[in-house]
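Pasted below: work.txt, compact mmCIF, C-alpha atoms.
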```
# COMPACT_ATOMS: atom_id res chain seq x y z
CA MET A 22 73.95 108.71 85.93
CA HIS A 23 75.03 105.17 86.77
CA ALA A 24 78.52 103.75 87.09
CA ASP A 25 80.33 102.27 84.11
CA PRO A 26 80.10 98.48 84.59
CA ALA A 27 83.68 98.10 83.34
CA GLY A 28 84.96 99.63 86.57
CA VAL A 29 82.60 97.90 89.01
CA LEU A 30 83.79 94.65 90.59
CA THR A 31 80.33 93.62 91.79
CA GLY A 32 80.18 91.11 94.62
CA SER A 33 81.32 90.42 98.17
CA HIS A 34 85.06 90.75 98.69
CA PHE A 35 87.62 90.50 101.48
CA LEU A 36 89.59 93.72 100.97
CA ASP A 37 91.77 96.04 102.96
CA GLY A 38 90.88 99.72 103.05
CA ASP A 39 93.48 100.75 100.46
CA HIS A 40 92.24 98.22 97.93
CA ALA A 41 88.61 99.11 98.66
CA CYS A 42 89.48 102.76 98.06
CA CYS A 43 90.89 101.82 94.65
CA GLU A 44 87.70 99.95 93.77
CA GLY A 45 85.66 102.96 94.83
CA ALA A 46 87.70 105.19 92.53
CA LEU A 47 87.20 102.82 89.61
CA ALA A 48 83.47 102.55 90.29
CA ALA A 49 83.24 106.36 90.45
CA GLY A 50 84.71 106.58 86.96
CA ALA A 51 88.37 107.37 87.70
CA ARG A 52 90.38 106.47 84.63
CA PHE A 53 93.60 108.28 85.46
CA SER A 54 95.88 108.31 88.45
CA SER A 55 99.35 109.70 88.98
CA GLY A 56 101.26 108.82 92.08
CA TYR A 57 104.53 108.29 93.86
CA PRO A 58 104.99 105.34 96.24
CA ILE A 59 104.79 106.12 99.95
CA THR A 60 103.78 103.95 102.88
CA PRO A 61 100.97 103.31 103.83
CA SER A 62 99.09 104.52 100.72
CA THR A 63 100.93 102.72 97.92
CA GLU A 64 98.56 99.75 97.81
CA VAL A 65 95.77 101.99 96.49
CA VAL A 66 97.58 102.74 93.24
CA GLU A 67 99.34 99.39 93.08
CA ARG A 68 95.90 97.87 92.66
CA PHE A 69 94.85 100.67 90.31
CA ALA A 70 97.90 99.97 88.13
CA GLN A 71 96.92 96.30 87.99
CA ARG A 72 93.22 96.93 87.34
CA ILE A 73 93.27 99.86 84.95
CA PRO A 74 94.42 97.94 81.82
CA THR A 75 91.27 95.81 82.12
CA VAL A 76 89.06 98.90 82.52
CA GLY A 77 90.63 101.33 80.06
CA GLY A 78 92.68 104.16 81.50
CA THR A 79 96.12 105.21 82.65
CA PHE A 80 98.34 105.09 85.70
CA ILE A 81 101.64 106.98 85.74
CA GLN A 82 104.24 106.69 88.47
CA MET A 83 105.74 110.16 88.69
CA GLU A 84 109.17 111.19 89.94
CA ASP A 85 107.76 112.76 93.11
CA GLU A 86 104.59 113.97 94.79
CA LEU A 87 104.81 117.44 93.25
CA ALA A 88 104.68 115.92 89.79
CA ALA A 89 101.87 113.56 90.77
CA SER A 90 99.69 116.31 92.25
CA ILE A 91 99.83 118.49 89.13
CA THR A 92 99.73 115.72 86.52
CA LEU A 93 96.33 114.57 87.69
CA GLN A 94 94.98 118.10 87.18
CA GLY A 95 96.14 118.11 83.57
CA ALA A 96 94.28 114.84 83.10
CA VAL A 97 91.11 116.37 84.56
CA TRP A 98 91.18 119.31 82.16
CA ALA A 99 91.73 116.84 79.33
CA GLY A 100 88.49 115.13 80.33
CA ALA A 101 89.38 112.37 82.80
CA LYS A 102 88.24 111.76 86.33
CA ALA A 103 91.51 111.55 88.23
CA PHE A 104 93.03 111.11 91.68
CA THR A 105 96.29 110.65 93.53
CA VAL A 106 97.23 109.05 96.83
CA THR A 107 99.87 109.89 99.40
CA SER A 108 100.74 110.06 103.08
CA GLY A 109 102.52 112.38 105.50
CA PRO A 110 105.59 113.90 103.82
CA GLY A 111 104.09 113.50 100.35
CA PHE A 112 100.92 115.29 101.45
CA SER A 113 103.05 118.23 102.58
CA LEU A 114 104.69 118.38 99.16
CA MET A 115 101.30 118.46 97.43
CA MET A 116 100.02 121.56 99.24
CA GLU A 117 100.94 124.04 96.51
CA HIS A 118 98.97 122.09 93.92
CA ILE A 119 96.03 121.63 96.29
CA GLY A 120 95.78 125.42 96.37
CA TYR A 121 96.05 125.45 92.58
CA ALA A 122 93.19 122.93 92.30
CA ALA A 123 91.07 125.10 94.59
CA MET A 124 91.84 128.28 92.64
CA THR A 125 91.30 126.75 89.20
CA GLU A 126 88.26 124.79 90.43
CA THR A 127 89.63 121.50 89.19
CA PRO A 128 87.46 118.56 90.28
CA CYS A 129 89.85 115.93 91.64
CA VAL A 130 90.38 113.59 94.57
CA PHE A 131 93.33 113.23 96.95
CA VAL A 132 93.58 110.16 99.17
CA ASP A 133 95.71 110.68 102.29
CA VAL A 134 96.44 107.56 104.31
CA GLN A 135 97.66 109.22 107.49
CA ARG A 136 100.71 108.04 109.40
CA GLY A 137 102.71 109.30 112.37
CA GLY A 138 104.69 112.49 111.92
CA PRO A 139 106.10 115.10 111.75
CA SER A 140 108.67 114.65 108.97
CA THR A 141 109.37 110.99 108.16
CA GLY A 142 107.84 110.03 111.49
CA LEU A 143 106.26 106.58 111.61
CA PRO A 144 105.90 105.33 108.02
CA THR A 145 104.05 102.12 108.93
CA LEU A 146 102.03 103.25 111.96
CA PRO A 147 98.83 105.31 112.31
CA ALA A 148 97.99 108.87 113.25
CA GLN A 149 95.25 111.40 112.53
CA ALA A 150 97.49 114.45 112.53
CA ASP A 151 96.77 115.74 109.01
CA MET A 152 93.25 116.93 109.80
CA MET A 153 94.07 120.61 110.11
CA GLN A 154 96.63 120.46 107.32
CA VAL A 155 94.02 119.21 104.86
CA ARG A 156 91.86 122.25 105.57
CA TRP A 157 94.47 124.97 106.05
CA GLY A 158 97.64 123.55 104.50
CA SER A 159 97.78 125.66 101.36
CA HIS A 160 97.96 129.45 101.58
CA GLY A 161 95.06 131.79 100.93
CA ASP A 162 91.29 131.57 101.39
CA TYR A 163 89.52 128.57 99.91
CA ALA A 164 87.32 125.66 100.99
CA ILE A 165 87.61 121.92 100.50
CA ILE A 166 85.67 118.76 101.38
CA ALA A 167 87.25 115.99 103.46
CA LEU A 168 85.73 112.61 104.32
CA CYS A 169 86.86 110.15 107.03
CA PRO A 170 86.08 106.45 106.52
CA ASN A 171 86.36 104.04 109.46
CA SER A 172 86.15 100.73 107.56
CA PRO A 173 87.10 99.18 104.21
CA GLN A 174 83.43 99.32 103.21
CA GLU A 175 83.41 103.07 103.81
CA CYS A 176 86.70 103.39 101.93
CA PHE A 177 84.77 102.12 98.92
CA ASP A 178 81.59 104.09 99.55
CA LEU A 179 83.19 107.40 100.52
CA THR A 180 85.65 107.37 97.65
CA ILE A 181 82.69 107.32 95.29
CA LYS A 182 81.12 110.10 97.35
CA ALA A 183 84.38 112.07 97.13
CA PHE A 184 84.39 111.94 93.33
CA ASN A 185 80.73 112.93 93.22
CA PHE A 186 81.33 115.92 95.50
CA SER A 187 84.37 116.97 93.46
CA GLU A 188 82.33 117.04 90.26
CA LYS A 189 79.30 118.72 91.83
CA TYR A 190 81.24 121.51 93.53
CA ARG A 191 84.37 121.66 91.36
CA CYS A 192 86.89 121.48 94.16
CA PRO A 193 89.54 119.11 95.47
CA VAL A 194 88.04 116.48 97.76
CA PHE A 195 90.01 114.42 100.26
CA VAL A 196 89.56 110.89 101.57
CA MET A 197 91.32 110.90 104.95
CA LEU A 198 92.15 107.33 105.84
CA ASP A 199 94.62 106.35 108.49
CA GLU A 200 97.12 103.49 108.43
CA VAL A 201 94.87 101.13 110.39
CA VAL A 202 91.79 101.67 108.22
CA GLY A 203 93.99 101.46 105.12
CA HIS A 204 95.46 98.12 106.14
CA MET A 205 92.58 96.42 107.97
CA THR A 206 90.82 93.71 105.96
CA GLU A 207 87.06 93.23 106.15
CA LYS A 208 84.09 92.29 104.01
CA VAL A 209 83.33 94.86 101.31
CA VAL A 210 80.12 94.60 99.29
CA ILE A 211 80.26 96.22 95.85
CA PRO A 212 76.79 96.63 94.32
CA GLN A 213 75.73 96.41 90.71
CA ALA A 214 76.81 99.30 88.49
CA GLU A 215 73.24 100.50 88.03
CA GLU A 216 72.92 100.89 91.81
CA ILE A 217 75.89 103.28 92.04
CA HIS A 218 75.21 106.97 91.43
CA VAL A 219 78.00 108.74 89.60
CA GLU A 220 77.90 112.54 89.31
CA PRO A 221 78.60 113.59 85.71
CA ARG A 222 81.05 116.34 84.90
CA ARG A 223 79.50 119.80 84.75
CA TYR A 224 80.10 120.53 81.10
CA THR A 225 78.71 123.71 79.57
CA THR A 226 75.90 123.61 77.06
CA LEU A 227 76.89 127.03 75.70
CA PRO A 228 78.76 127.41 72.40
CA PRO A 229 82.42 128.51 72.64
CA GLU A 230 81.68 132.11 71.68
CA ALA A 231 79.18 132.51 74.55
CA PHE A 232 81.17 130.68 77.22
CA ASN A 233 83.11 132.22 80.11
CA ALA A 234 85.28 129.73 81.98
CA TYR A 235 84.47 130.96 85.48
CA MET A 236 80.94 132.36 85.18
CA PRO A 237 79.12 130.67 88.10
CA ASP A 238 75.65 129.20 88.01
CA ASP A 239 73.11 129.96 90.71
CA ASP A 240 74.80 127.41 92.98
CA LEU A 241 78.06 129.43 92.68
CA VAL A 242 79.75 126.65 90.66
CA PRO A 243 80.82 127.33 87.06
CA ASP A 244 80.43 124.79 84.27
CA MET A 245 83.49 123.30 82.61
CA PRO A 246 84.45 123.62 78.93
CA HIS A 247 84.94 120.77 76.50
CA VAL A 248 88.67 121.32 76.10
CA GLY A 249 89.85 120.67 72.58
CA GLN A 250 86.45 121.42 71.03
CA GLY A 251 86.93 125.08 70.20
CA TYR A 252 86.68 126.54 73.68
CA ASN A 253 89.27 129.26 74.31
CA VAL A 254 90.10 128.71 77.98
CA HIS A 255 92.67 130.38 80.19
CA VAL A 256 93.39 128.42 83.39
CA THR A 257 95.59 130.23 85.89
CA GLY A 258 96.42 130.23 89.58
CA LEU A 259 96.40 134.02 89.48
CA THR A 260 93.35 135.91 90.69
CA HIS A 261 91.11 135.94 87.62
CA ASP A 262 87.82 137.27 86.33
CA GLU A 263 84.92 135.22 84.99
CA ARG A 264 86.74 134.78 81.66
CA GLY A 265 89.70 133.24 83.46
CA TYR A 266 91.98 136.18 82.66
CA PRO A 267 94.23 137.58 85.42
CA ASP A 268 92.74 140.60 87.17
CA MET A 269 94.55 142.07 90.17
CA ARG A 270 91.84 144.41 91.43
CA PRO A 271 90.79 143.89 95.07
CA VAL A 272 87.12 143.79 94.05
CA VAL A 273 87.84 140.81 91.78
CA GLN A 274 89.88 139.08 94.50
CA ASP A 275 87.04 139.56 96.98
CA ARG A 276 84.41 138.24 94.58
CA LEU A 277 86.48 135.21 93.60
CA VAL A 278 87.68 133.98 96.98
CA ARG A 279 84.30 134.54 98.60
CA ARG A 280 82.74 132.35 95.92
CA LEU A 281 85.42 129.66 96.33
CA VAL A 282 84.46 129.42 100.00
CA GLU A 283 80.71 129.98 99.75
CA LYS A 284 80.13 127.38 97.03
CA ILE A 285 80.97 124.90 99.81
CA THR A 286 79.61 126.61 102.92
CA LYS A 287 76.25 127.41 101.34
CA HIS A 288 75.73 123.71 100.56
CA VAL A 289 76.87 122.37 103.91
CA ASP A 290 73.63 120.45 104.54
CA ASP A 291 74.22 118.46 101.35
CA ILE A 292 77.86 117.79 102.18
CA VAL A 293 78.00 117.08 105.91
CA LEU A 294 77.75 113.36 106.69
CA PHE A 295 77.71 111.97 110.22
CA GLU A 296 76.54 109.08 112.37
CA GLU A 297 74.88 109.58 115.75
CA GLU A 298 73.36 107.22 118.27
CA GLY A 299 72.10 107.53 121.82
CA ILE A 300 72.31 111.33 121.88
CA ASP A 301 68.90 111.98 123.45
CA GLY A 302 69.14 111.60 127.23
CA ALA A 303 72.92 111.31 127.23
CA ASP A 304 75.06 113.09 129.81
CA VAL A 305 78.21 112.68 127.73
CA VAL A 306 78.72 112.33 123.98
CA VAL A 307 81.88 110.92 122.43
CA VAL A 308 82.86 112.66 119.19
CA SER A 309 85.33 110.73 117.05
CA TYR A 310 86.29 109.83 113.49
CA GLY A 311 88.29 107.30 111.49
CA ILE A 312 89.87 104.36 113.32
CA THR A 313 89.43 106.15 116.65
CA SER A 314 85.66 105.85 116.25
CA ARG A 315 86.03 102.05 116.27
CA VAL A 316 87.88 102.19 119.58
CA ALA A 317 85.42 104.79 120.89
CA GLN A 318 82.53 102.43 120.15
CA ARG A 319 84.04 99.89 122.53
CA ALA A 320 84.62 102.57 125.15
CA ILE A 321 81.01 103.74 124.86
CA GLU A 322 79.77 100.20 125.40
CA MET A 323 82.04 99.80 128.44
CA ALA A 324 80.82 103.09 129.92
CA ARG A 325 77.18 102.16 129.38
CA ASN A 326 77.78 98.86 131.16
CA LYS A 327 78.86 100.98 134.14
CA GLY A 328 75.52 102.78 134.06
CA LEU A 329 76.71 105.96 132.36
CA LYS A 330 74.50 107.71 129.81
CA VAL A 331 76.77 108.05 126.80
CA GLY A 332 75.98 108.99 123.20
CA LYS A 333 78.00 108.66 120.03
CA PHE A 334 78.65 111.20 117.29
CA ARG A 335 80.93 110.07 114.47
CA ILE A 336 82.33 112.69 112.15
CA ILE A 337 82.28 111.44 108.56
CA THR A 338 82.57 114.79 106.81
CA ALA A 339 85.38 116.54 108.66
CA TRP A 340 85.35 119.57 106.37
CA PRO A 341 83.11 121.44 106.21
CA PHE A 342 82.87 120.75 109.93
CA PRO A 343 79.44 119.65 111.29
CA GLU A 344 79.25 122.63 113.62
CA LYS A 345 75.45 122.85 113.61
CA GLN A 346 75.16 119.28 114.86
CA ILE A 347 77.86 119.73 117.52
CA ALA A 348 76.23 122.94 118.74
CA ALA A 349 72.91 121.12 119.15
CA ILE A 350 74.60 118.35 121.14
CA ALA A 351 76.45 120.82 123.38
CA ALA A 352 73.16 122.48 124.31
CA LYS A 353 71.81 119.33 125.95
CA VAL A 354 74.72 117.36 127.48
CA LYS A 355 77.13 117.85 130.37
CA GLY A 356 80.19 117.27 128.27
CA ILE A 357 81.80 116.04 125.07
CA VAL A 358 84.77 113.68 124.93
CA VAL A 359 86.99 113.84 121.84
CA PRO A 360 89.58 111.08 121.36
CA GLU A 361 92.04 111.76 118.52
CA LEU A 362 95.25 110.20 117.24
CA ASN A 363 96.96 113.57 117.59
CA LEU A 364 97.55 116.05 120.39
CA GLY A 365 94.40 118.02 119.65
CA GLN A 366 93.17 119.11 116.21
CA MET A 367 89.49 118.57 115.49
CA VAL A 368 88.79 119.11 119.19
CA ARG A 369 89.38 122.79 118.50
CA GLU A 370 86.44 122.78 116.10
CA VAL A 371 84.33 120.92 118.65
CA GLU A 372 85.17 123.56 121.26
CA ARG A 373 84.35 126.35 118.82
CA ALA A 374 80.98 124.83 117.94
CA ALA A 375 80.14 123.99 121.55
CA ALA A 376 80.77 127.65 122.44
CA GLY A 377 81.07 126.96 126.17
CA LYS A 378 77.68 125.26 126.47
CA ALA A 379 79.27 121.94 127.44
CA ALA A 380 82.64 120.86 128.77
CA VAL A 381 84.92 119.47 126.04
CA ARG A 382 87.57 116.92 127.02
CA LEU A 383 90.33 115.85 124.64
CA VAL A 384 91.78 112.35 124.89
CA PRO A 385 95.04 112.81 122.98
CA HIS A 386 97.32 110.17 121.49
CA ALA A 387 100.51 111.00 119.58
CA GLY A 388 100.05 108.07 117.20
CA GLY A 389 101.87 104.84 116.51
CA SER A 390 98.99 102.77 117.93
CA VAL A 391 95.35 103.34 118.74
CA HIS A 392 93.82 104.42 122.06
CA LYS A 393 93.10 101.99 124.85
CA PRO A 394 89.31 101.99 125.36
CA GLU A 395 89.93 102.35 129.10
CA ASP A 396 91.50 105.77 128.55
CA ILE A 397 88.38 107.00 126.79
CA VAL A 398 86.15 105.48 129.50
CA LYS A 399 88.15 107.33 132.17
CA ALA A 400 87.54 110.64 130.35
CA ILE A 401 83.83 109.83 130.04
CA GLU A 402 83.62 109.17 133.79
CA GLU A 403 85.43 112.40 134.65
CA VAL A 404 83.20 114.50 132.39
CA ALA A 405 80.05 112.79 133.69
CA ARG A 406 80.99 113.78 137.25
```
Can you present the structure in this file as structure tokens?
Amino acid sequence: MHADPAGVLTGSHFLDGDHACCEGALAAGARFSSGYPITPSTEVVERFAQRIPTVGGTFIQMEDELAASITLQGAVWAGAKAFTVTSGPGFSLMMEHIGYAAMTETPCVFVDVQRGGPSTGLPTLPAQADMMQVRWGSHGDYAIIALCPNSPQECFDLTIKAFNFSEKYRCPVFVMLDEVVGHMTEKVVIPQAEEIHVEPRRYTTLPPEAFNAYMPDDDLVPDMPHVGQGYNVHVTGLTHDERGYPDMRPVVQDRLVRRLVEKITKHVDDIVLFEEEGIDGADVVVVSYGITSRVAQRAIEMARNKGLKVGKFRIITAWPFPEKQIAAIAAKVKGIVVPELNLGQMVREVERAAAGKAAVRLVPHAGGSVHKPEDIVKAIEEVAR
């Protein structure tokens, strides 16, 4: 289906990443957001609070991030498309409810504008140190989808994609900005509403008496009930059977958590997004994401000017990780260079996928600024030798 024109601000705009993210949410059909102010993510919902009265919807400032991260899930079950935004310490507080969204298969979106940590850290300065937390932060076995924009335009585009994935696979989806991408201002082109694909909610066509809340379709994803229209639904964070009723048997636990993971992993080819260039014939490939990919682009150009054969692989979907693509790259290059605004997180996944077929070199940075391109070039030169 197409986007609702009421939420689509068609035209060319000069927007920062946070504001572009808000416009993406509106274009995707988000009509509810709950949030608590925290730098550097607040601008997303500040704009949403300003825009939503003209579109038709609700924004609520909650008393804290715990309240925000559960309120949006109530809105989803009531029929809304909903999201929240946060950063650093607030993201840590939301972890319990991220697990709840995964267990109850609540389609929703979390926007994390990453900043330096741990704890209060660097409220106004960038990092990329939440990348493992987003995948493994809540306890138990489950799977999520996480997308990494590197420009305001992608903040718009990938926020729409995040909502579409959340509805298609009934899971929490994350848009992993960083402070620089959130606050940089660039041209953002918003197309006509009829040019924007919006995934509809997976509502059941069965009558209430024939409906089971967690009976999966062939794609392992169950349909949702029309709450308030006679459907008797039990939604719980406890291990539950296909009716939604608690069931503590190990066989039920095994069946449920395997499905929560496999409904993502079995559709990885549909979910994994990436950008690659100059891979064939390269001796070294730089793997990067988010703002670091912008710096890496400059480093790649500098290295090529020195005569080095360097390719680019940009991670857009961080989770599920593009391991098939990285494995293919590792089989034909000398080495892989991974710059990150952390002391080594996604590089572990690169190493796992490369499986020893190519050298993997981390270029770490603790955050607070971005890399110097020269540091990445130095790593490229060392790996090439």
**Asked** With all atoms listed in the file as the atoms that count, which of A:Ile285, A:Leu93, A:Ile292, A:Val398 lies nearest to Gly328 (chain A)?
**Response**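 Residue with the minimum atom-to-atom distance to Gly328 (chain A): A:Val398.
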**Asked** Do you know which residues are at most 10 Å from region 65-72 of chain A counting all atoms listed in the file, after dropping those on the same chain fewer than 4 positions away, and could you put them as a count of residues only?
**Response** 34
**Request:** Would you work out the distance separating CA of Val196 (chain A) from CA of Ile336 (chain A), expressed in Å to one decimal?
**Result:** 12.9 Å
**Request:** Identify, on the basis of all atoms listed in the file, every residue whose closest approach to Ala387 (chain A) does not exceed 8 Å; exclude the query and any residue fewer than 6 positions from it along the same chain; express the result as a list in words.
**Result:** Gly137, Ala148, Leu362, Asn363 and Leu364 of chain A
**Prompt:** So, counting all atoms listed in the file, which residue among A:Glu283, A:Asp239, A:Asp291, A:Asp304 is closest to Phe186 (chain A)?
**Reply:**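 Closest to Phe186 (chain A) of all the choices is A:Asp291.
Comparing the minimum interatomic distances between Leu179 (chain A) and each of A:Ser159, A:His288, A:Met197, A:Ala376, counting all atoms listed in the file, we find that A:Met197 sits nearest.
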**Request:** Excluding Glu86 (chain A) and residues on its chain fewer than 2 positions from it, collect all residues at most 7 Å away from it, counting only C-alpha atoms, and give them as a count of residues only.
**Result:** 8
**Message:** Please determine, counting all atoms listed in the file, which residue among A:Pro212, A:Pro110, A:Pro221, A:Gly161 has the shortest atom-to-atom distance to Pro128 (chain A).
**Reply:**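 Nearest to Pro128 (chain A): A:Pro221.
Nearest residue to Thr257 (chain A), choosing from A:Ile217, A:Val404, A:Ala122, A:Ala27 and counting all atoms listed in the file: A:Ala122.
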**For CA of Val354 (chain A) and CA of Glu402 (chain A), the interatomic separation in Å (one decimal)** =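 Value for the CA of Val354 (chain A)-CA of Glu402 (chain A) distance: 13.6 Å.
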**Prompt:** Out of A:Met124, A:Leu259, A:Ala405, A:Val289, which residue has the shortest atom-to-atom distance to Ala324 (chain A) when counting only C-alpha atoms?
**Reply:**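 That would be A:Ala405, the residue with the smallest distance to Ala324 (chain A).
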**Request:** May I have the residues within 9 Å of region 378-386 of chain A as a PyMOL selection string, using only C-alpha atoms and disregarding those fewer than 2 positions away in the same chain?
**Result:** chain A and resi 148+348+350-365+368+371-372+375-376+388-392+396-397+400-401+404
Next, dump the selected residues to file, keeping only C-alpha atoms, as a PDB file, keeping the file's coordinate frame.
```pdb
ATOM      1  CA  ALA A 148      97.990 108.870 113.250  1.00  0.00           C
ATOM      2  CA  ALA A 348      76.230 122.940 118.740  1.00  0.00           C
ATOM      3  CA  ILE A 350      74.600 118.350 121.140  1.00  0.00           C
ATOM      4  CA  ALA A 351      76.450 120.820 123.380  1.00  0.00           C
ATOM      5  CA  ALA A 352      73.160 122.480 124.310  1.00  0.00           C
ATOM      6  CA  LYS A 353      71.810 119.330 125.950  1.00  0.00           C
ATOM      7  CA  VAL A 354      74.720 117.360 127.480  1.00  0.00           C
ATOM      8  CA  LYS A 355      77.130 117.850 130.370  1.00  0.00           C
ATOM      9  CA  GLY A 356      80.190 117.270 128.270  1.00  0.00           C
ATOM     10  CA  ILE A 357      81.800 116.040 125.070  1.00  0.00           C
ATOM     11  CA  VAL A 358      84.770 113.680 124.930  1.00  0.00           C
ATOM     12  CA  VAL A 359      86.990 113.840 121.840  1.00  0.00           C
ATOM     13  CA  PRO A 360      89.580 111.080 121.360  1.00  0.00           C
ATOM     14  CA  GLU A 361      92.040 111.760 118.520  1.00  0.00           C
ATOM     15  CA  LEU A 362      95.250 110.200 117.240  1.00  0.00           C
ATOM     16  CA  ASN A 363      96.960 113.570 117.590  1.00  0.00           C
ATOM     17  CA  LEU A 364      97.550 116.050 120.390  1.00  0.00           C
ATOM     18  CA  GLY A 365      94.400 118.020 119.650  1.00  0.00           C
ATOM     19  CA  VAL A 368      88.790 119.110 119.190  1.00  0.00           C
ATOM     20  CA  VAL A 371      84.330 120.920 118.650  1.00  0.00           C
ATOM     21  CA  GLU A 372      85.170 123.560 121.260  1.00  0.00           C
ATOM     22  CA  ALA A 375      80.140 123.990 121.550  1.00  0.00           C
ATOM     23  CA  ALA A 376      80.770 127.650 122.440  1.00  0.00           C
ATOM     24  CA  GLY A 388     100.050 108.070 117.200  1.00  0.00           C
ATOM     25  CA  GLY A 389     101.870 104.840 116.510  1.00  0.00           C
ATOM     26  CA  SER A 390      98.990 102.770 117.930  1.00  0.00           C
ATOM     27  CA  VAL A 391      95.350 103.340 118.740  1.00  0.00           C
ATOM     28  CA  HIS A 392      93.820 104.420 122.060  1.00  0.00           C
ATOM     29  CA  ASP A 396      91.500 105.770 128.550  1.00  0.00           C
ATOM     30  CA  ILE A 397      88.380 107.000 126.790  1.00  0.00           C
ATOM     31  CA  ALA A 400      87.540 110.640 130.350  1.00  0.00           C
ATOM     32  CA  ILE A 401      83.830 109.830 130.040  1.00  0.00           C
ATOM     33  CA  VAL A 404      83.200 114.500 132.390  1.00  0.00           C
TER      34      VAL A 404
END
```
**Within 7 Å of Thr180 (chain A) using only C-alpha atoms, minus same-chain residues under 2 positions, as a list of chain:residue names** =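 My list of contacting residues is A:Cys42, A:Gly45, A:Ala46, A:Cys176, A:Phe177, A:Asp178, A:Lys182, A:Ala183, A:Phe184, A:Val196.
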Take region 268-286 of chain A, bring it up to N, CA and C atoms, and give me the output as a PDB file, in the coordinates of the input.
```pdb
ATOM      1  N   ASP A 268      93.277 139.290  86.834  1.00  0.00           N
ATOM      2  CA  ASP A 268      92.740 140.600  87.170  1.00  0.00           C
ATOM      3  C   ASP A 268      93.108 140.866  88.631  1.00  0.00           C
ATOM      4  N   MET A 269      93.960 141.844  88.860  1.00  0.00           N
ATOM      5  CA  MET A 269      94.550 142.070  90.170  1.00  0.00           C
ATOM      6  C   MET A 269      93.761 143.012  91.062  1.00  0.00           C
ATOM      7  N   ARG A 270      92.608 143.452  90.646  1.00  0.00           N
ATOM      8  CA  ARG A 270      91.840 144.410  91.430  1.00  0.00           C
ATOM      9  C   ARG A 270      91.284 143.752  92.698  1.00  0.00           C
ATOM     10  N   PRO A 271      91.330 144.454  93.822  1.00  0.00           N
ATOM     11  CA  PRO A 271      90.790 143.890  95.070  1.00  0.00           C
ATOM     12  C   PRO A 271      89.338 143.452  94.961  1.00  0.00           C
ATOM     13  N   VAL A 272      88.534 144.165  94.170  1.00  0.00           N
ATOM     14  CA  VAL A 272      87.120 143.790  94.050  1.00  0.00           C
ATOM     15  C   VAL A 272      86.987 142.425  93.386  1.00  0.00           C
ATOM     16  N   VAL A 273      87.871 142.122  92.442  1.00  0.00           N
ATOM     17  CA  VAL A 273      87.840 140.810  91.780  1.00  0.00           C
ATOM     18  C   VAL A 273      88.318 139.723  92.740  1.00  0.00           C
ATOM     19  N   GLN A 274      89.385 140.020  93.487  1.00  0.00           N
ATOM     20  CA  GLN A 274      89.880 139.080  94.500  1.00  0.00           C
ATOM     21  C   GLN A 274      88.785 138.752  95.502  1.00  0.00           C
ATOM     22  N   ASP A 275      88.088 139.765  95.984  1.00  0.00           N
ATOM     23  CA  ASP A 275      87.040 139.560  96.980  1.00  0.00           C
ATOM     24  C   ASP A 275      85.925 138.688  96.408  1.00  0.00           C
ATOM     25  N   ARG A 276      85.499 138.998  95.207  1.00  0.00           N
ATOM     26  CA  ARG A 276      84.410 138.240  94.580  1.00  0.00           C
ATOM     27  C   ARG A 276      84.803 136.784  94.347  1.00  0.00           C
ATOM     28  N   LEU A 277      86.030 136.570  93.912  1.00  0.00           N
ATOM     29  CA  LEU A 277      86.480 135.210  93.600  1.00  0.00           C
ATOM     30  C   LEU A 277      86.634 134.355  94.851  1.00  0.00           C
ATOM     31  N   VAL A 278      87.403 134.842  95.829  1.00  0.00           N
ATOM     32  CA  VAL A 278      87.680 133.980  96.980  1.00  0.00           C
ATOM     33  C   VAL A 278      86.440 133.768  97.838  1.00  0.00           C
ATOM     34  N   ARG A 279      85.554 134.755  97.887  1.00  0.00           N
ATOM     35  CA  ARG A 279      84.300 134.540  98.600  1.00  0.00           C
ATOM     36  C   ARG A 279      83.503 133.412  97.950  1.00  0.00           C
ATOM     37  N   ARG A 280      83.489 133.402  96.623  1.00  0.00           N
ATOM     38  CA  ARG A 280      82.740 132.350  95.920  1.00  0.00           C
ATOM     39  C   ARG A 280      83.394 130.980  96.120  1.00  0.00           C
ATOM     40  N   LEU A 281      84.733 130.930  96.121  1.00  0.00           N
ATOM     41  CA  LEU A 281      85.420 129.660  96.330  1.00  0.00           C
ATOM     42  C   LEU A 281      85.055 129.049  97.687  1.00  0.00           C
ATOM     43  N   VAL A 282      84.846 129.890  98.671  1.00  0.00           N
ATOM     44  CA  VAL A 282      84.460 129.420 100.000  1.00  0.00           C
ATOM     45  C   VAL A 282      82.958 129.149 100.071  1.00  0.00           C
ATOM     46  N   GLU A 283      82.161 130.072  99.572  1.00  0.00           N
ATOM     47  CA  GLU A 283      80.710 129.980  99.750  1.00  0.00           C
ATOM     48  C   GLU A 283      80.068 128.883  98.909  1.00  0.00           C
ATOM     49  N   LYS A 284      80.713 128.481  97.811  1.00  0.00           N
ATOM     50  CA  LYS A 284      80.130 127.380  97.030  1.00  0.00           C
ATOM     51  C   LYS A 284      80.134 126.084  97.842  1.00  0.00           C
ATOM     52  N   ILE A 285      80.982 126.036  98.882  1.00  0.00           N
ATOM     53  CA  ILE A 285      80.970 124.900  99.810  1.00  0.00           C
ATOM     54  C   ILE A 285      80.094 125.201 101.016  1.00  0.00           C
ATOM     55  N   THR A 286      80.314 126.328 101.667  1.00  0.00           N
ATOM     56  CA  THR A 286      79.610 126.610 102.920  1.00  0.00           C
ATOM     57  C   THR A 286      78.107 126.776 102.733  1.00  0.00           C
TER      58      THR A 286
END
```
